[in-house]
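*Asks:* The structure is given below, and queries will be raised subsequently.
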Amino acid sequence: MPFLCLKDMSQKLVFLFLFFYIVVSTPPEDPINCSSQNTSCTITNSYGIFPDRSTCQASEVLYPTNEAELVSMVASASKNKRKMKVATRFSHSIPKLVCPEGQEGVLISTKYLNKVLKIDVEARTMTVESGVTLKQIINEASNAGLALPYAPYWWGLTIGGLMGTGAHGSTLWGKGSSVHDYVLELRIVRPSGPEENEYATVLTLNEYNEDFNAAKVSLGVLGVISQVTLKLEPLFKRSITYLTKDDSDLGDKAAAFGHEHEFADITWYPSQHKAVYRVDDRVPFNTSGNGLYDFIPFRPTSSIELALIRSAEDLQETTSDANGKCLLAKTTTATLITTAYGLTNNGAFFTGYPVIGFHNRLQSSGTCLDSLKDGKFTACAWDSRIKGEFFHQTTFSIGLSFVKGFIQDVQKLVQLEPKGMCGIEQYNGILMRYVKASSAYLGKQEDAIDFDITYYRSKDPMSPRLYEDIIEEIEQLGIFKYGGIPHWGKNRNLAFQGVINKYKSARKFLVVKKVYDPQGLFSSDWTDQILGLKEGVTILKDGCALEGLCICSQDSHCNPNKGYFCKPGKVYKEAKVCTHQ
């Protein structure tokens with residue numbers, strides 16, 4: 001009886017917190033914590049934990065407020081051969097890109113490099129410091145009648161951070177959806193020897209410099225970007241309609257849909273056999289409408305409601321309640337579709353499609369960041385200081401010519417395990433965004449669809465998930481069978497196994513890295529591993545496959561004591577997954 005009450009309550013709460021929201025919220029905690037002012041520090045990400053659950057330490061953190069201070073800081077660390085890493089205000093990357101090697105490294109935070117330096121309306125350009133957030137760029141551009149055409153849907157990213165990991169929106173039009181492909185020029189501070197301007201050098205790079213293609217997506221291993229100049233467009237209006245359809249022909253339609261609509265994306269709910277198509281295009285500037293997109297999962301959420309929903313989810317996992325997970329998934333999906341995912345026609349109410357509005361009001365959101373402190377009564381849903389969402393995120397791009405095969409293989413898994421992906425749908429299914437091939441050496445290699453999958457993670461690293469094998473097989477299907485390229489700022493360790501071999505210009509990038517930072521002061525074990533310079537991307541130990549630290553090769557990598565053994569996949573036989581017996 002208590003379980004039934006909790007399950008029923010969780011469904012009601014899902015509806016309530018998706019339908020209503022509070023306009024005040026506790027902002028996220030600074031990812032850097034120091035025991036003595038700015039020394040003896042630790043750094044984490046916005047989720048409060050890295051894939052391997054390790055703690056990243058640094059001897060101190062530095063906060064430059066301008067380029068001159070940044071140069072001085074890099075020079076000092078370079079002179080003393082100290083390891084460095086760049087940190088951002090929200091530290092949104094899941095992997096350990098911000099971790100300096102060892103315990104004596106230096107963190108250089110761009111928190112106060114947050115100024116818009118110049119907007120040239122006639123040339124349609126904007127120059128900003130690297131700590132400026134996407135939200136600032138969108139707002140300042142619109143105030144000048146300009147727009148960044150494509151951007152990630154979450155505005156809590158800095159321009160330096162999103163360039164470092166190749167963050168993107170969704171389009172196959174123009175130059176594509178990656179923000180770095182709209183960068184005209186950047187300034188980067190790199191370490192150097194005493195013969196080169198006192199241990200630090202400032203370089204200005206643009207399309208006329210070959211190194212520009214290395215710096216546009218650099219994982220932070222070349223130095224510190226200090227300034228970025230973006231190419232903008234005149235502000236415009238868009239029209240958005242979400243269409244819910246059966247997913248039986250999704251494999252046939254997915255690639256073509258991205259060419260049909262400029263800002264298209266698809267949200268896929270495999271267990272429910274649904275696909276929600278985003279029909280999203282520009283409309284004439286004088287078209288009536290002042291719509292707003294305040295995406296519901298990015299709004300401030302009641303901490304009490306989040307705790308109750310998480311408790312219900314934990315109970316469903318502990319009791320193997322697949323029916324409960326599927327019911328909660330259907331409630332979540334139905335509520336999001338009914339409420340248009342957070343779209344409103346006038347900034348307050350959704351009255352029907354199409355929703356028409358200015359680009360800056362529709363392209364990105366994240367209101368849980370825009371808040372005063374309220375004692376954690378409300379927060380971003382994944383804030384680690386509360387009992388809220390705790391998840392893995394698997395994200396990879398598959399070339400358009402291979403997308404149909406991947407989708408059909410996932411559908412075969414659904415036929416074999418109809419309830420196997422309800423857990424994914426509790427986190428709003430699979431988001432499919434369109435990306436184009438980029439000139440950046442570590443950017444997208446071909447026109448592709450980016451599959452973004454979020455799913456339950458246990459607080460106990462040895463606790464398997466319900467249908468553990470299904471999600472593991474999807475992960476291995478996408479990344480290995482179909483050659484998917486993992487998002488640099490997301491994913492579990494196994495996704496980066498051999499990843500550098502998927503980049504045709506990897507060697508060029510490594511040559512630039514050697515020139516810019518010959519001592520590897522901005523490198524770490526993790527960046528060396530994913531760049532193929534060291535072994536150790538995966539970690540072999542008991543239970544490692546449950547956390548995505550490895551692909552299982554023996555039963556101990558799963559959890560035999562809980563009935564999970566290493567077995568071949570159901571559809572992709574080459575996969576090795578933790579299966580319950």
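Naming scheme: A, B, ... for chains in displayed order of the structure tokens; residues 1 onward per chain; ligands 1 onward as shown.
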Can you pull out every residue from range 32-230 of chain A that DSSP, working from the backbone, puts in helix (DSSP H, G or I), and format the result as a ChimeraX atom specification?

*Replies:* /A:67-79,134-143,159-165,179-182,212-215

*Asks:* Determine, counting only C-alpha atoms, which protein, DNA and RNA residues have an atom within 9 Å of an atom of range 156-168 of chain A; residues of the same chain fewer than 2 positions away are not included. Present the result as JSON, numbers by chain.

*Replies:* {"A": [86, 87, 88, 89, 90, 91, 92, 93, 110, 114, 128, 129, 130, 131, 132, 133, 134, 135, 137, 150, 151, 152, 153, 154, 170, 176, 177, 178, 179, 180, 215, 216, 217, 218, 219, 220, 224, 225, 226, 227, 228, 365, 366, 369, 433, 434, 435, 440, 442, 443, 444, 487, 488, 489, 490]}

*Asks:* Against range 334-352 of chain A, which residues of range 357-377 of chain A fall within 12 Å? For each one I want the closest pair of atoms and the distance in Å (one decimal), counting only C-alpha atoms, rows by chain and increasing residue number, as CSV.

*Replies:*
```
residue,atom,partner,partner_atom,distance
A:Gly357,CA,A:Asn345,CA,7.8
A:Phe358,CA,A:Asn346,CA,11.1
A:Arg361,CA,A:Gly347,CA,9.0
A:Leu362,CA,A:Leu343,CA,8.2
A:Gln363,CA,A:Leu343,CA,11.0
A:Ser364,CA,A:Leu343,CA,11.4
A:Ser365,CA,A:Gly342,CA,9.9
A:Gly366,CA,A:Gly342,CA,11.3
A:Thr367,CA,A:Gly342,CA,11.4
```

*Asks:* Leaving out range 475-485 of chain A and any residue of its chain fewer than 6 positions from it, which residues lie within 9 Å of it when counting only C-alpha atoms, given as a PyMOL selection string?

*Replies:* chain A and resi 394-399+402-403+405-406+409-410+444-445+450-451+494-496+499+502-503+551+571-572+574-577

*Asks:* Quick one: residues within 10 Å of Thr244 in chain A, only C-alpha atoms, excluding same-chain residues fewer than 2 positions away - as JSON, numbers by chain?

*Replies:* {"A": [241, 242, 246, 247, 266, 267, 268, 274, 275, 276, 277, 278, 337]}

*Asks:* Please determine, counting only C-alpha atoms, which residue among A:His273, A:His557, A:Arg187, A:Lys85 has the shortest atom-to-atom distance to Lys412 in chain A.

*Replies:*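 Answer, going by the shortest atom-to-atom distance: A:His273.
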
*Asks:* Residues near Gly251 in chain A, anyone? I mean within 6 Å using only C-alpha atoms, not counting same-chain ones fewer than 3 positions away, as an MDAnalysis selection string.

*Replies:* chainID A and resid 254 404 407

*Asks:* Next, dump the selected residues to file, keeping only C-alpha atoms, as a PDB file, in the first residue's frame.

*Replies:*
```pdb
ATOM      1  CA  ALA A 254      14.396  11.336 -39.930  1.00  0.00           C
ATOM      2  CA  LYS A 404      17.815   4.619 -40.522  1.00  0.00           C
ATOM      3  CA  ILE A 407      16.629   3.666 -35.517  1.00  0.00           C
TER       4      ILE A 407
END
```
